>>> print(open('entry19.pdb').read())   # PDB, N, CA and C atoms
ATOM      1  N   MET A   1     -17.444 -54.073-135.573
ATOM      2  CA  MET A   1     -18.710 -54.560-136.046
ATOM      3  C   MET A   1     -19.102 -53.864-137.340
ATOM      4  N   VAL A   2     -18.796 -52.575-137.424
ATOM      5  CA  VAL A   2     -19.126 -51.846-138.651
ATOM      6  C   VAL A   2     -18.287 -52.370-139.814
ATOM      7  N   GLU A   3     -17.021 -52.656-139.561
ATOM      8  CA  GLU A   3     -16.177 -53.227-140.614
ATOM      9  C   GLU A   3     -16.701 -54.591-141.060
ATOM     10  N   TYR A   4     -17.147 -55.414-140.105
ATOM     11  CA  TYR A   4     -17.732 -56.709-140.451
ATOM     12  C   TYR A   4     -18.996 -56.521-141.283
ATOM     13  N   ALA A   5     -19.847 -55.554-140.889
ATOM     14  CA  ALA A   5     -21.092 -55.320-141.609
ATOM     15  C   ALA A   5     -20.829 -54.853-143.038
ATOM     16  N   CYS A   6     -19.746 -54.097-143.243
ATOM     17  CA  CYS A   6     -19.408 -53.654-144.604
ATOM     18  C   CYS A   6     -19.039 -54.826-145.498
ATOM     19  N   GLY A   7     -18.464 -55.870-144.928
ATOM     20  CA  GLY A   7     -18.131 -57.056-145.700
ATOM     21  C   GLY A   7     -19.200 -58.125-145.647
ATOM     22  N   ASN A   8     -20.295 -57.844-144.948
ATOM     23  CA  ASN A   8     -21.340 -58.835-144.741
ATOM     24  C   ASN A   8     -22.116 -59.246-145.991
ATOM     25  N   PRO A   9     -22.315 -58.404-146.999
ATOM     26  CA  PRO A   9     -23.039 -58.880-148.172
ATOM     27  C   PRO A   9     -22.429 -60.141-148.788
ATOM     28  N   HIS A  10     -21.117 -60.295-148.672
ATOM     29  CA  HIS A  10     -20.501 -61.527-149.161
ATOM     30  C   HIS A  10     -20.927 -62.717-148.296
ATOM     31  N   ALA A  11     -20.997 -62.513-146.974
ATOM     32  CA  ALA A  11     -21.384 -63.596-146.062
ATOM     33  C   ALA A  11     -22.874 -63.886-146.125
ATOM     34  N   ALA A  12     -23.675 -62.958-146.653
ATOM     35  CA  ALA A  12     -25.121 -63.137-146.687
ATOM     36  C   ALA A  12     -25.604 -63.820-147.962
ATOM     37  N   GLN A  13     -24.690 -64.322-148.777
ATOM     38  CA  GLN A  13     -25.096 -65.002-150.002
ATOM     39  C   GLN A  13     -25.632 -66.388-149.688
ATOM     40  N   GLY A  14     -26.535 -66.848-150.531
ATOM     41  CA  GLY A  14     -27.040 -68.209-150.393
ATOM     42  C   GLY A  14     -26.002 -69.217-150.881
ATOM     43  N   ARG A  15     -26.273 -70.467-150.629
ATOM     44  CA  ARG A  15     -25.324 -71.515-151.023
ATOM     45  C   ARG A  15     -26.040 -72.669-151.699
ATOM     46  N   VAL A  16     -25.318 -73.344-152.541
ATOM     47  CA  VAL A  16     -25.811 -74.556-153.178
ATOM     48  C   VAL A  16     -24.812 -75.670-152.892
ATOM     49  N   LEU A  17     -25.286 -76.729-152.294
ATOM     50  CA  LEU A  17     -24.451 -77.904-152.045
ATOM     51  C   LEU A  17     -24.997 -79.054-152.879
ATOM     52  N   GLU A  18     -24.199 -79.488-153.823
ATOM     53  CA  GLU A  18     -24.647 -80.564-154.698
ATOM     54  C   GLU A  18     -24.260 -81.920-154.125
ATOM     55  N   GLN A  19     -25.141 -82.848-154.309
ATOM     56  CA  GLN A  19     -24.917 -84.243-153.921
ATOM     57  C   GLN A  19     -24.577 -84.394-152.435
ATOM     58  N   VAL A  20     -25.394 -83.783-151.568
ATOM     59  CA  VAL A  20     -25.186 -83.984-150.139
ATOM     60  C   VAL A  20     -25.591 -85.393-149.720
ATOM     61  N   SER A  21     -26.395 -86.013-150.547
ATOM     62  CA  SER A  21     -26.780 -87.413-150.392
ATOM     63  C   SER A  21     -27.088 -87.920-151.794
ATOM     64  N   THR A  22     -27.451 -89.126-151.913
ATOM     65  CA  THR A  22     -27.745 -89.692-153.230
ATOM     66  C   THR A  22     -28.908 -88.942-153.867
ATOM     67  N   ASP A  23     -28.640 -88.308-154.997
ATOM     68  CA  ASP A  23     -29.622 -87.527-155.763
ATOM     69  C   ASP A  23     -30.285 -86.415-154.937
ATOM     70  N   VAL A  24     -29.561 -85.827-154.001
ATOM     71  CA  VAL A  24     -30.105 -84.746-153.174
ATOM     72  C   VAL A  24     -29.144 -83.559-153.222
ATOM     73  N   ASP A  25     -29.699 -82.403-153.580
ATOM     74  CA  ASP A  25     -28.950 -81.152-153.534
ATOM     75  C   ASP A  25     -29.560 -80.273-152.445
ATOM     76  N   ALA A  26     -28.748 -79.430-151.807
ATOM     77  CA  ALA A  26     -29.229 -78.544-150.752
ATOM     78  C   ALA A  26     -29.035 -77.098-151.190
ATOM     79  N   TYR A  27     -30.060 -76.294-150.992
ATOM     80  CA  TYR A  27     -30.036 -74.882-151.344
ATOM     81  C   TYR A  27     -30.356 -74.058-150.102
ATOM     82  N   SER A  28     -29.662 -72.967-149.929
ATOM     83  CA  SER A  28     -30.012 -72.032-148.859
ATOM     84  C   SER A  28     -30.146 -70.638-149.458
ATOM     85  N   PHE A  29     -31.224 -69.974-149.088
ATOM     86  CA  PHE A  29     -31.494 -68.620-149.545
ATOM     87  C   PHE A  29     -31.547 -67.718-148.323
ATOM     88  N   ARG A  30     -30.819 -66.635-148.367
ATOM     89  CA  ARG A  30     -30.825 -65.683-147.259
ATOM     90  C   ARG A  30     -31.509 -64.414-147.729
ATOM     91  N   GLN A  31     -32.567 -64.043-147.016
ATOM     92  CA  GLN A  31     -33.341 -62.872-147.381
ATOM     93  C   GLN A  31     -33.503 -61.967-146.162
ATOM     94  N   PRO A  32     -33.698 -60.665-146.399
ATOM     95  CA  PRO A  32     -33.917 -59.760-145.264
ATOM     96  C   PRO A  32     -35.189 -60.110-144.506
ATOM     97  N   LEU A  33     -35.195 -59.844-143.206
ATOM     98  CA  LEU A  33     -36.384 -60.073-142.384
ATOM     99  C   LEU A  33     -37.414 -58.970-142.594
ATOM    100  N   GLY A  34     -36.967 -57.767-142.828
ATOM    101  CA  GLY A  34     -37.856 -56.626-142.993
ATOM    102  C   GLY A  34     -37.566 -55.569-141.952
ATOM    103  N   VAL A  35     -38.162 -55.733-140.776
ATOM    104  CA  VAL A  35     -37.967 -54.784-139.681
ATOM    105  C   VAL A  35     -37.313 -55.514-138.524
ATOM    106  N   VAL A  36     -36.219 -54.952-138.018
ATOM    107  CA  VAL A  36     -35.503 -55.520-136.882
ATOM    108  C   VAL A  36     -35.517 -54.481-135.771
ATOM    109  N   ALA A  37     -35.769 -54.933-134.547
ATOM    110  CA  ALA A  37     -35.808 -54.020-133.408
ATOM    111  C   ALA A  37     -34.737 -54.406-132.401
ATOM    112  N   GLY A  38     -34.183 -53.413-131.742
ATOM    113  CA  GLY A  38     -33.193 -53.649-130.702
ATOM    114  C   GLY A  38     -33.497 -52.792-129.483
ATOM    115  N   ILE A  39     -33.470 -53.419-128.325
ATOM    116  CA  ILE A  39     -33.678 -52.709-127.067
ATOM    117  C   ILE A  39     -32.369 -52.786-126.299
ATOM    118  N   THR A  40     -31.825 -51.640-125.945
ATOM    119  CA  THR A  40     -30.496 -51.616-125.338
ATOM    120  C   THR A  40     -30.566 -51.494-123.824
ATOM    121  N   PRO A  41     -29.587 -52.076-123.139
ATOM    122  CA  PRO A  41     -29.535 -51.933-121.684
ATOM    123  C   PRO A  41     -28.950 -50.568-121.307
ATOM    124  N   PHE A  42     -29.207 -50.155-120.077
ATOM    125  CA  PHE A  42     -28.708 -48.848-119.649
ATOM    126  C   PHE A  42     -27.205 -48.870-119.373
ATOM    127  N   LYS A  43     -26.631 -50.054-119.146
ATOM    128  CA  LYS A  43     -25.207 -50.121-118.823
ATOM    129  C   LYS A  43     -24.314 -49.942-120.046
ATOM    130  N   LEU A  44     -24.762 -50.387-121.188
ATOM    131  CA  LEU A  44     -23.950 -50.312-122.406
ATOM    132  C   LEU A  44     -24.749 -49.671-123.535
ATOM    133  N   PRO A  45     -25.076 -48.385-123.428
ATOM    134  CA  PRO A  45     -25.957 -47.766-124.415
ATOM    135  C   PRO A  45     -25.319 -47.520-125.773
ATOM    136  N   GLY A  46     -24.009 -47.596-125.857
ATOM    137  CA  GLY A  46     -23.337 -47.364-127.130
ATOM    138  C   GLY A  46     -22.862 -48.629-127.800
ATOM    139  N   MET A  47     -22.361 -49.560-127.018
ATOM    140  CA  MET A  47     -21.748 -50.754-127.584
ATOM    141  C   MET A  47     -22.771 -51.754-128.115
ATOM    142  N   VAL A  48     -23.812 -52.037-127.358
ATOM    143  CA  VAL A  48     -24.781 -53.054-127.759
ATOM    144  C   VAL A  48     -25.506 -52.690-129.061
ATOM    145  N   PRO A  49     -25.958 -51.438-129.244
ATOM    146  CA  PRO A  49     -26.585 -51.111-130.534
ATOM    147  C   PRO A  49     -25.624 -51.258-131.714
ATOM    148  N   MET A  50     -24.336 -51.009-131.484
ATOM    149  CA  MET A  50     -23.374 -51.168-132.577
ATOM    150  C   MET A  50     -23.159 -52.629-132.949
ATOM    151  N   TRP A  51     -23.570 -53.544-132.092
ATOM    152  CA  TRP A  51     -23.550 -54.964-132.455
ATOM    153  C   TRP A  51     -24.747 -55.300-133.341
ATOM    154  N   MET A  52     -25.810 -54.497-133.239
ATOM    155  CA  MET A  52     -27.071 -54.842-133.892
ATOM    156  C   MET A  52     -27.313 -54.107-135.212
ATOM    157  N   HIS A  53     -27.357 -52.779-135.157
ATOM    158  CA  HIS A  53     -27.877 -52.065-136.327
ATOM    159  C   HIS A  53     -26.984 -52.072-137.557
ATOM    160  N   PRO A  54     -25.653 -52.094-137.482
ATOM    161  CA  PRO A  54     -24.892 -52.146-138.742
ATOM    162  C   PRO A  54     -25.162 -53.423-139.544
ATOM    163  N   VAL A  55     -25.258 -54.541-138.847
ATOM    164  CA  VAL A  55     -25.500 -55.814-139.545
ATOM    165  C   VAL A  55     -26.916 -55.853-140.091
ATOM    166  N   ALA A  56     -27.884 -55.379-139.320
ATOM    167  CA  ALA A  56     -29.272 -55.382-139.785
ATOM    168  C   ALA A  56     -29.442 -54.523-141.038
ATOM    169  N   ILE A  57     -28.846 -53.346-141.040
ATOM    170  CA  ILE A  57     -28.979 -52.455-142.190
ATOM    171  C   ILE A  57     -28.196 -52.976-143.388
ATOM    172  N   ALA A  58     -27.014 -53.542-143.150
ATOM    173  CA  ALA A  58     -26.202 -54.058-144.258
ATOM    174  C   ALA A  58     -26.862 -55.249-144.952
ATOM    175  N   THR A  59     -27.715 -55.968-144.250
ATOM    176  CA  THR A  59     -28.386 -57.124-144.861
ATOM    177  C   THR A  59     -29.759 -56.775-145.406
ATOM    178  N   GLY A  60     -30.089 -55.486-145.482
ATOM    179  CA  GLY A  60     -31.301 -55.062-146.167
ATOM    180  C   GLY A  60     -32.513 -54.860-145.293
ATOM    181  N   ASN A  61     -32.341 -54.770-143.983
ATOM    182  CA  ASN A  61     -33.459 -54.578-143.074
ATOM    183  C   ASN A  61     -33.546 -53.120-142.630
ATOM    184  N   THR A  62     -34.703 -52.741-142.111
ATOM    185  CA  THR A  62     -34.806 -51.476-141.405
ATOM    186  C   THR A  62     -34.623 -51.772-139.920
ATOM    187  N   PHE A  63     -34.223 -50.769-139.156
ATOM    188  CA  PHE A  63     -33.903 -51.005-137.761
ATOM    189  C   PHE A  63     -34.594 -49.982-136.875
ATOM    190  N   ILE A  64     -35.198 -50.472-135.794
ATOM    191  CA  ILE A  64     -35.811 -49.617-134.787
ATOM    192  C   ILE A  64     -35.042 -49.817-133.499
ATOM    193  N   LEU A  65     -34.507 -48.738-132.956
ATOM    194  CA  LEU A  65     -33.722 -48.795-131.732
ATOM    195  C   LEU A  65     -34.505 -48.153-130.600
ATOM    196  N   LYS A  66     -34.730 -48.914-129.542
ATOM    197  CA  LYS A  66     -35.339 -48.378-128.319
ATOM    198  C   LYS A  66     -34.222 -48.279-127.301
ATOM    199  N   ARG A  67     -33.802 -47.073-127.044
ATOM    200  CA  ARG A  67     -32.717 -46.878-126.090
ATOM    201  C   ARG A  67     -33.266 -46.881-124.677
ATOM    202  N   ALA A  68     -32.413 -47.194-123.729
ATOM    203  CA  ALA A  68     -32.804 -47.175-122.321
ATOM    204  C   ALA A  68     -33.088 -45.742-121.906
ATOM    205  N   SER A  69     -34.182 -45.542-121.200
ATOM    206  CA  SER A  69     -34.563 -44.181-120.821
ATOM    207  C   SER A  69     -33.641 -43.585-119.760
ATOM    208  N   ALA A  70     -32.849 -44.433-119.094
ATOM    209  CA  ALA A  70     -31.947 -43.947-118.046
ATOM    210  C   ALA A  70     -30.606 -43.454-118.584
ATOM    211  N   THR A  71     -30.426 -43.459-119.893
ATOM    212  CA  THR A  71     -29.146 -43.064-120.480
ATOM    213  C   THR A  71     -29.274 -41.751-121.240
ATOM    214  N   ARG A  72     -28.119 -41.175-121.537
ATOM    215  CA  ARG A  72     -28.097 -39.995-122.392
ATOM    216  C   ARG A  72     -28.431 -40.430-123.809
ATOM    217  N   PRO A  73     -28.989 -39.552-124.600
ATOM    218  CA  PRO A  73     -29.373 -39.931-125.971
ATOM    219  C   PRO A  73     -28.181 -39.996-126.925
ATOM    220  N   CYS A  74     -27.226 -40.875-126.636
ATOM    221  CA  CYS A  74     -26.027 -40.961-127.473
ATOM    222  C   CYS A  74     -26.310 -41.636-128.808
ATOM    223  N   ARG A  75     -27.363 -42.414-128.899
ATOM    224  CA  ARG A  75     -27.638 -43.117-130.150
ATOM    225  C   ARG A  75     -28.259 -42.229-131.198
ATOM    226  N   THR A  76     -28.736 -41.070-130.835
ATOM    227  CA  THR A  76     -29.228 -40.159-131.855
ATOM    228  C   THR A  76     -28.084 -39.664-132.721
ATOM    229  N   SER A  77     -26.851 -39.755-132.225
ATOM    230  CA  SER A  77     -25.702 -39.391-133.055
ATOM    231  C   SER A  77     -25.519 -40.388-134.192
ATOM    232  N   SER A  78     -25.836 -41.659-133.967
ATOM    233  CA  SER A  78     -25.782 -42.643-135.047
ATOM    234  C   SER A  78     -26.810 -42.307-136.117
ATOM    235  N   ALA A  79     -27.998 -41.889-135.694
ATOM    236  CA  ALA A  79     -29.030 -41.508-136.656
ATOM    237  C   ALA A  79     -28.565 -40.319-137.492
ATOM    238  N   GLY A  80     -27.897 -39.366-136.854
ATOM    239  CA  GLY A  80     -27.364 -38.220-137.589
ATOM    240  C   GLY A  80     -26.284 -38.622-138.583
ATOM    241  N   CYS A  81     -25.430 -39.566-138.180
ATOM    242  CA  CYS A  81     -24.371 -40.045-139.084
ATOM    243  C   CYS A  81     -24.967 -40.770-140.288
ATOM    244  N   TYR A  82     -25.984 -41.584-140.037
ATOM    245  CA  TYR A  82     -26.645 -42.293-141.143
ATOM    246  C   TYR A  82     -27.316 -41.309-142.102
ATOM    247  N   ALA A  83     -27.979 -40.295-141.557
ATOM    248  CA  ALA A  83     -28.635 -39.290-142.400
ATOM    249  C   ALA A  83     -27.602 -38.524-143.218
ATOM    250  N   GLU A  84     -26.477 -38.198-142.591
ATOM    251  CA  GLU A  84     -25.412 -37.475-143.289
ATOM    252  C   GLU A  84     -24.785 -38.324-144.397
ATOM    253  N   ALA A  85     -24.747 -39.641-144.171
ATOM    254  CA  ALA A  85     -24.170 -40.546-145.172
ATOM    255  C   ALA A  85     -25.120 -40.823-146.326
ATOM    256  N   GLY A  86     -26.395 -40.424-146.185
ATOM    257  CA  GLY A  86     -27.342 -40.608-147.279
ATOM    258  C   GLY A  86     -28.262 -41.809-147.134
ATOM    259  N   LEU A  87     -28.347 -42.381-145.946
ATOM    260  CA  LEU A  87     -29.264 -43.498-145.724
ATOM    261  C   LEU A  87     -30.693 -42.981-145.862
ATOM    262  N   PRO A  88     -31.550 -43.684-146.596
ATOM    263  CA  PRO A  88     -32.925 -43.202-146.772
ATOM    264  C   PRO A  88     -33.655 -43.060-145.436
ATOM    265  N   GLU A  89     -34.556 -42.102-145.392
ATOM    266  CA  GLU A  89     -35.321 -41.838-144.180
ATOM    267  C   GLU A  89     -36.185 -43.051-143.832
ATOM    268  N   GLY A  90     -36.198 -43.409-142.562
ATOM    269  CA  GLY A  90     -37.009 -44.531-142.106
ATOM    270  C   GLY A  90     -36.274 -45.855-142.034
ATOM    271  N   VAL A  91     -35.022 -45.914-142.465
ATOM    272  CA  VAL A  91     -34.261 -47.154-142.390
ATOM    273  C   VAL A  91     -33.705 -47.362-140.987
ATOM    274  N   PHE A  92     -33.235 -46.294-140.350
ATOM    275  CA  PHE A  92     -32.756 -46.355-138.964
ATOM    276  C   PHE A  92     -33.622 -45.424-138.134
ATOM    277  N   ASN A  93     -34.305 -45.978-137.142
ATOM    278  CA  ASN A  93     -35.238 -45.218-136.326
ATOM    279  C   ASN A  93     -34.872 -45.352-134.855
ATOM    280  N   VAL A  94     -34.980 -44.258-134.117
ATOM    281  CA  VAL A  94     -34.739 -44.271-132.679
ATOM    282  C   VAL A  94     -36.048 -43.918-131.991
ATOM    283  N   VAL A  95     -36.462 -44.784-131.057
ATOM    284  CA  VAL A  95     -37.688 -44.570-130.300
ATOM    285  C   VAL A  95     -37.299 -44.105-128.914
ATOM    286  N   HIS A  96     -37.871 -43.007-128.479
ATOM    287  CA  HIS A  96     -37.621 -42.485-127.148
ATOM    288  C   HIS A  96     -38.842 -42.764-126.283
ATOM    289  N   GLY A  97     -38.645 -42.829-124.999
ATOM    290  CA  GLY A  97     -39.783 -42.986-124.100
ATOM    291  C   GLY A  97     -39.423 -43.799-122.888
ATOM    292  N   ASP A  98     -40.372 -43.849-121.990
ATOM    293  CA  ASP A  98     -40.210 -44.573-120.740
ATOM    294  C   ASP A  98     -41.037 -45.847-120.818
ATOM    295  N   LYS A  99     -41.002 -46.631-119.763
ATOM    296  CA  LYS A  99     -41.777 -47.864-119.742
ATOM    297  C   LYS A  99     -43.261 -47.564-119.819
ATOM    298  N   TRP A 100     -44.004 -48.532-120.282
ATOM    299  CA  TRP A 100     -45.437 -48.382-120.448
ATOM    300  C   TRP A 100     -46.106 -48.520-119.086
ATOM    301  N   ARG A 101     -47.011 -47.625-118.808
ATOM    302  CA  ARG A 101     -47.734 -47.670-117.546
ATOM    303  C   ARG A 101     -49.219 -47.738-117.830
ATOM    304  N   SER A 102     -49.896 -48.689-117.217
ATOM    305  CA  SER A 102     -51.333 -48.772-117.389
ATOM    306  C   SER A 102     -52.015 -47.938-116.299
ATOM    307  N   THR A 103     -53.104 -47.358-116.650
ATOM    308  CA  THR A 103     -53.865 -46.586-115.675
ATOM    309  C   THR A 103     -55.108 -47.378-115.300
ATOM    310  N   PRO A 104     -55.463 -47.405-114.039
ATOM    311  CA  PRO A 104     -56.671 -48.144-113.657
ATOM    312  C   PRO A 104     -57.913 -47.482-114.240
ATOM    313  N   SER A 105     -58.840 -48.317-114.673
ATOM    314  CA  SER A 105     -60.053 -47.749-115.282
ATOM    315  C   SER A 105     -61.216 -47.737-114.327
TER
END
>>> encode(input="entry19.pdb", output="structure tokens")
Amino acid sequence: MVEYACGNPHAAQGRVLEQVSTDVDAYSFRQPLGVVAGITPFKLPGMVPMWMHPVAIATGNTFILKRASATRPCRTSSAGCYAEAGLPEGVFNVVHGDKWRSTPS
């Protein structure tokens, strides 16, 4: 997935199709969404995020990862690798925590 994401800027280009119908041209523009979030299951805490965040970051988005609270914090190693590689702060974020609990008022 990381290798695909490295080549993804070529796949993320827009396209122009001329004469798709009589006097009609078609244009497609691909732009970043901005912020992308991923919530991972406890069974696959390493594989599923690797399907998500490399592509999101390679296409110009920031990424927020909410890891399953029942797993070891293995995804913080990805954050360390990104920081070591020089990714700007705030582009890849890991959120820790448990499920939200409401308290009776």
>>> select_by_dssp(input="entry19.pdb", residues="range 36-101 of chain A", states="helix (DSSP H, G or I)", output="PyMOL selection string")
chain A and resi 47-58+76-85
>>> resolve_selection(input="entry19.pdb", expression="the PyMOL selection byres ((chain A and resi 40) around 7)", output="PDB file with N, CA and C atoms, in the coordinates of the input")
ATOM      1  N   GLY A  38     -34.183 -53.413-131.742  1.00  0.00           N
ATOM      2  CA  GLY A  38     -33.193 -53.649-130.702  1.00  0.00           C
ATOM      3  C   GLY A  38     -33.497 -52.792-129.483  1.00  0.00           C
ATOM      4  N   ILE A  39     -33.470 -53.419-128.325  1.00  0.00           N
ATOM      5  CA  ILE A  39     -33.678 -52.709-127.067  1.00  0.00           C
ATOM      6  C   ILE A  39     -32.369 -52.786-126.299  1.00  0.00           C
ATOM      7  N   PRO A  41     -29.587 -52.076-123.139  1.00  0.00           N
ATOM      8  CA  PRO A  41     -29.535 -51.933-121.684  1.00  0.00           C
ATOM      9  C   PRO A  41     -28.950 -50.568-121.307  1.00  0.00           C
ATOM     10  N   PHE A  42     -29.207 -50.155-120.077  1.00  0.00           N
ATOM     11  CA  PHE A  42     -28.708 -48.848-119.649  1.00  0.00           C
ATOM     12  C   PHE A  42     -27.205 -48.870-119.373  1.00  0.00           C
ATOM     13  N   LYS A  43     -26.631 -50.054-119.146  1.00  0.00           N
ATOM     14  CA  LYS A  43     -25.207 -50.121-118.823  1.00  0.00           C
ATOM     15  C   LYS A  43     -24.314 -49.942-120.046  1.00  0.00           C
ATOM     16  N   LEU A  44     -24.762 -50.387-121.188  1.00  0.00           N
ATOM     17  CA  LEU A  44     -23.950 -50.312-122.406  1.00  0.00           C
ATOM     18  C   LEU A  44     -24.749 -49.671-123.535  1.00  0.00           C
ATOM     19  N   PRO A  45     -25.076 -48.385-123.428  1.00  0.00           N
ATOM     20  CA  PRO A  45     -25.957 -47.766-124.415  1.00  0.00           C
ATOM     21  C   PRO A  45     -25.319 -47.520-125.773  1.00  0.00           C
ATOM     22  N   VAL A  48     -23.812 -52.037-127.358  1.00  0.00           N
ATOM     23  CA  VAL A  48     -24.781 -53.054-127.759  1.00  0.00           C
ATOM     24  C   VAL A  48     -25.506 -52.690-129.061  1.00  0.00           C
ATOM     25  N   PRO A  49     -25.958 -51.438-129.244  1.00  0.00           N
ATOM     26  CA  PRO A  49     -26.585 -51.111-130.534  1.00  0.00           C
ATOM     27  C   PRO A  49     -25.624 -51.258-131.714  1.00  0.00           C
ATOM     28  N   LEU A  65     -34.507 -48.738-132.956  1.00  0.00           N
ATOM     29  CA  LEU A  65     -33.722 -48.795-131.732  1.00  0.00           C
ATOM     30  C   LEU A  65     -34.505 -48.153-130.600  1.00  0.00           C
ATOM     31  N   LYS A  66     -34.730 -48.914-129.542  1.00  0.00           N
ATOM     32  CA  LYS A  66     -35.339 -48.378-128.319  1.00  0.00           C
ATOM     33  C   LYS A  66     -34.222 -48.279-127.301  1.00  0.00           C
ATOM     34  N   ARG A  67     -33.802 -47.073-127.044  1.00  0.00           N
ATOM     35  CA  ARG A  67     -32.717 -46.878-126.090  1.00  0.00           C
ATOM     36  C   ARG A  67     -33.266 -46.881-124.677  1.00  0.00           C
ATOM     37  N   ALA A  68     -32.413 -47.194-123.729  1.00  0.00           N
ATOM     38  CA  ALA A  68     -32.804 -47.175-122.321  1.00  0.00           C
ATOM     39  C   ALA A  68     -33.088 -45.742-121.906  1.00  0.00           C
TER      40      ALA A  68
END
>>> residues_around(input="entry19.pdb", residues="Val55 in chain A", least_positions_apart="4", cutoff="7 Å", atoms="all atoms listed in the file", output="MDAnalysis selection string")
chainID A and resid 1:2 4:5 50:51 59:61
>>> atom_distance(input="entry19.pdb", atom1="CA of His10 in chain A", atom2="CA of Ser77 in chain A")
27.9 Å
>>> atom_distance(input="entry19.pdb", atom1="CA of Phe92 in chain A", atom2="CA of Phe63 in chain A")
4.9 Å
>>> residues_around(input="entry19.pdb", residues="Val16 in chain A", least_positions_apart="2", cutoff="7 Å", atoms="all atoms listed in the file", output="PDB file with N, CA and C atoms, in the frame of the given file")
ATOM      1  N   GLY A  14     -26.535 -66.848-150.531  1.00  0.00           N
ATOM      2  CA  GLY A  14     -27.040 -68.209-150.393  1.00  0.00           C
ATOM      3  C   GLY A  14     -26.002 -69.217-150.881  1.00  0.00           C
ATOM      4  N   GLU A  18     -24.199 -79.488-153.823  1.00  0.00           N
ATOM      5  CA  GLU A  18     -24.647 -80.564-154.698  1.00  0.00           C
ATOM      6  C   GLU A  18     -24.260 -81.920-154.125  1.00  0.00           C
ATOM      7  N   ASP A  25     -29.699 -82.403-153.580  1.00  0.00           N
ATOM      8  CA  ASP A  25     -28.950 -81.152-153.534  1.00  0.00           C
ATOM      9  C   ASP A  25     -29.560 -80.273-152.445  1.00  0.00           C
ATOM     10  N   ALA A  26     -28.748 -79.430-151.807  1.00  0.00           N
ATOM     11  CA  ALA A  26     -29.229 -78.544-150.752  1.00  0.00           C
ATOM     12  C   ALA A  26     -29.035 -77.098-151.190  1.00  0.00           C
ATOM     13  N   TYR A  27     -30.060 -76.294-150.992  1.00  0.00           N
ATOM     14  CA  TYR A  27     -30.036 -74.882-151.344  1.00  0.00           C
ATOM     15  C   TYR A  27     -30.356 -74.058-150.102  1.00  0.00           C
ATOM     16  N   SER A  28     -29.662 -72.967-149.929  1.00  0.00           N
ATOM     17  CA  SER A  28     -30.012 -72.032-148.859  1.00  0.00           C
ATOM     18  C   SER A  28     -30.146 -70.638-149.458  1.00  0.00           C
TER      19      SER A  28
END
>>> atom_distance(input="entry19.pdb", atom1="CA of Asn8 in chain A", atom2="CA of Val24 in chain A")
28.6 Å
>>> resolve_selection(input="entry19.pdb", expression="the PyMOL selection byres ((chain A and resi 90) around 8)", output="ChimeraX atom specification")
/A:61-64,87-89,91-93
>>> write_last_selection(input="entry19.pdb", atoms="N, CA and C atoms", output="mmCIF file, keeping the file's coordinate frame")
data_model
loop_
_atom_site.group_PDB
_atom_site.id
_atom_site.type_symbol
_atom_site.label_atom_id
_atom_site.label_comp_id
_atom_site.auth_asym_id
_atom_site.auth_seq_id
_atom_site.Cartn_x
_atom_site.Cartn_y
_atom_site.Cartn_z
ATOM 1 N N ASN A 61 -32.341 -54.770 -143.983
ATOM 2 C CA ASN A 61 -33.459 -54.578 -143.074
ATOM 3 C C ASN A 61 -33.546 -53.120 -142.630
ATOM 4 N N THR A 62 -34.703 -52.741 -142.111
ATOM 5 C CA THR A 62 -34.806 -51.476 -141.405
ATOM 6 C C THR A 62 -34.623 -51.772 -139.920
ATOM 7 N N PHE A 63 -34.223 -50.769 -139.156
ATOM 8 C CA PHE A 63 -33.903 -51.005 -137.761
ATOM 9 C C PHE A 63 -34.594 -49.982 -136.875
ATOM 10 N N ILE A 64 -35.198 -50.472 -135.794
ATOM 11 C CA ILE A 64 -35.811 -49.617 -134.787
ATOM 12 C C ILE A 64 -35.042 -49.817 -133.499
ATOM 13 N N LEU A 87 -28.347 -42.381 -145.946
ATOM 14 C CA LEU A 87 -29.264 -43.498 -145.724
ATOM 15 C C LEU A 87 -30.693 -42.981 -145.862
ATOM 16 N N PRO A 88 -31.550 -43.684 -146.596
ATOM 17 C CA PRO A 88 -32.925 -43.202 -146.772
ATOM 18 C C PRO A 88 -33.655 -43.060 -145.436
ATOM 19 N N GLU A 89 -34.556 -42.102 -145.392
ATOM 20 C CA GLU A 89 -35.321 -41.838 -144.180
ATOM 21 C C GLU A 89 -36.185 -43.051 -143.832
ATOM 22 N N VAL A 91 -35.022 -45.914 -142.465
ATOM 23 C CA VAL A 91 -34.261 -47.154 -142.390
ATOM 24 C C VAL A 91 -33.705 -47.362 -140.987
ATOM 25 N N PHE A 92 -33.235 -46.294 -140.350
ATOM 26 C CA PHE A 92 -32.756 -46.355 -138.964
ATOM 27 C C PHE A 92 -33.622 -45.424 -138.134
ATOM 28 N N ASN A 93 -34.305 -45.978 -137.142
ATOM 29 C CA ASN A 93 -35.238 -45.218 -136.326
ATOM 30 C C ASN A 93 -34.872 -45.352 -134.855
#
>>> residues_around(input="entry19.pdb", residues="Ala12 in chain A", least_positions_apart="3", cutoff="8 Å", atoms="only N, CA and C atoms", output="list in words")
Gly7, Asn8, Pro9, Arg15, Phe29, Arg30, Gln31 and Thr59 of chain A
>>> select_by_dssp(input="entry19.pdb", residues="chain A", states="strand (DSSP E)", output="number ranges by chain")
A: 15-21, 24-28, 35-39, 62-66, 92-95
>>> axis_aligned_box(input="entry19.pdb", around="range 82-99 of chain A", padding_each_side="4 Å", output="lines of an AutoDock Vina configuration file")
center_x = -33.7
center_y = -42.7
center_z = -133.5
size_x = 27.1
size_y = 18.4
size_z = 35.5
>>> closest_residue(input="entry19.pdb", among="A:Pro54, A:Met47, A:Asp23, A:Val36", to="Glu3 in chain A", atoms="only N, CA and C atoms")
A:Pro54
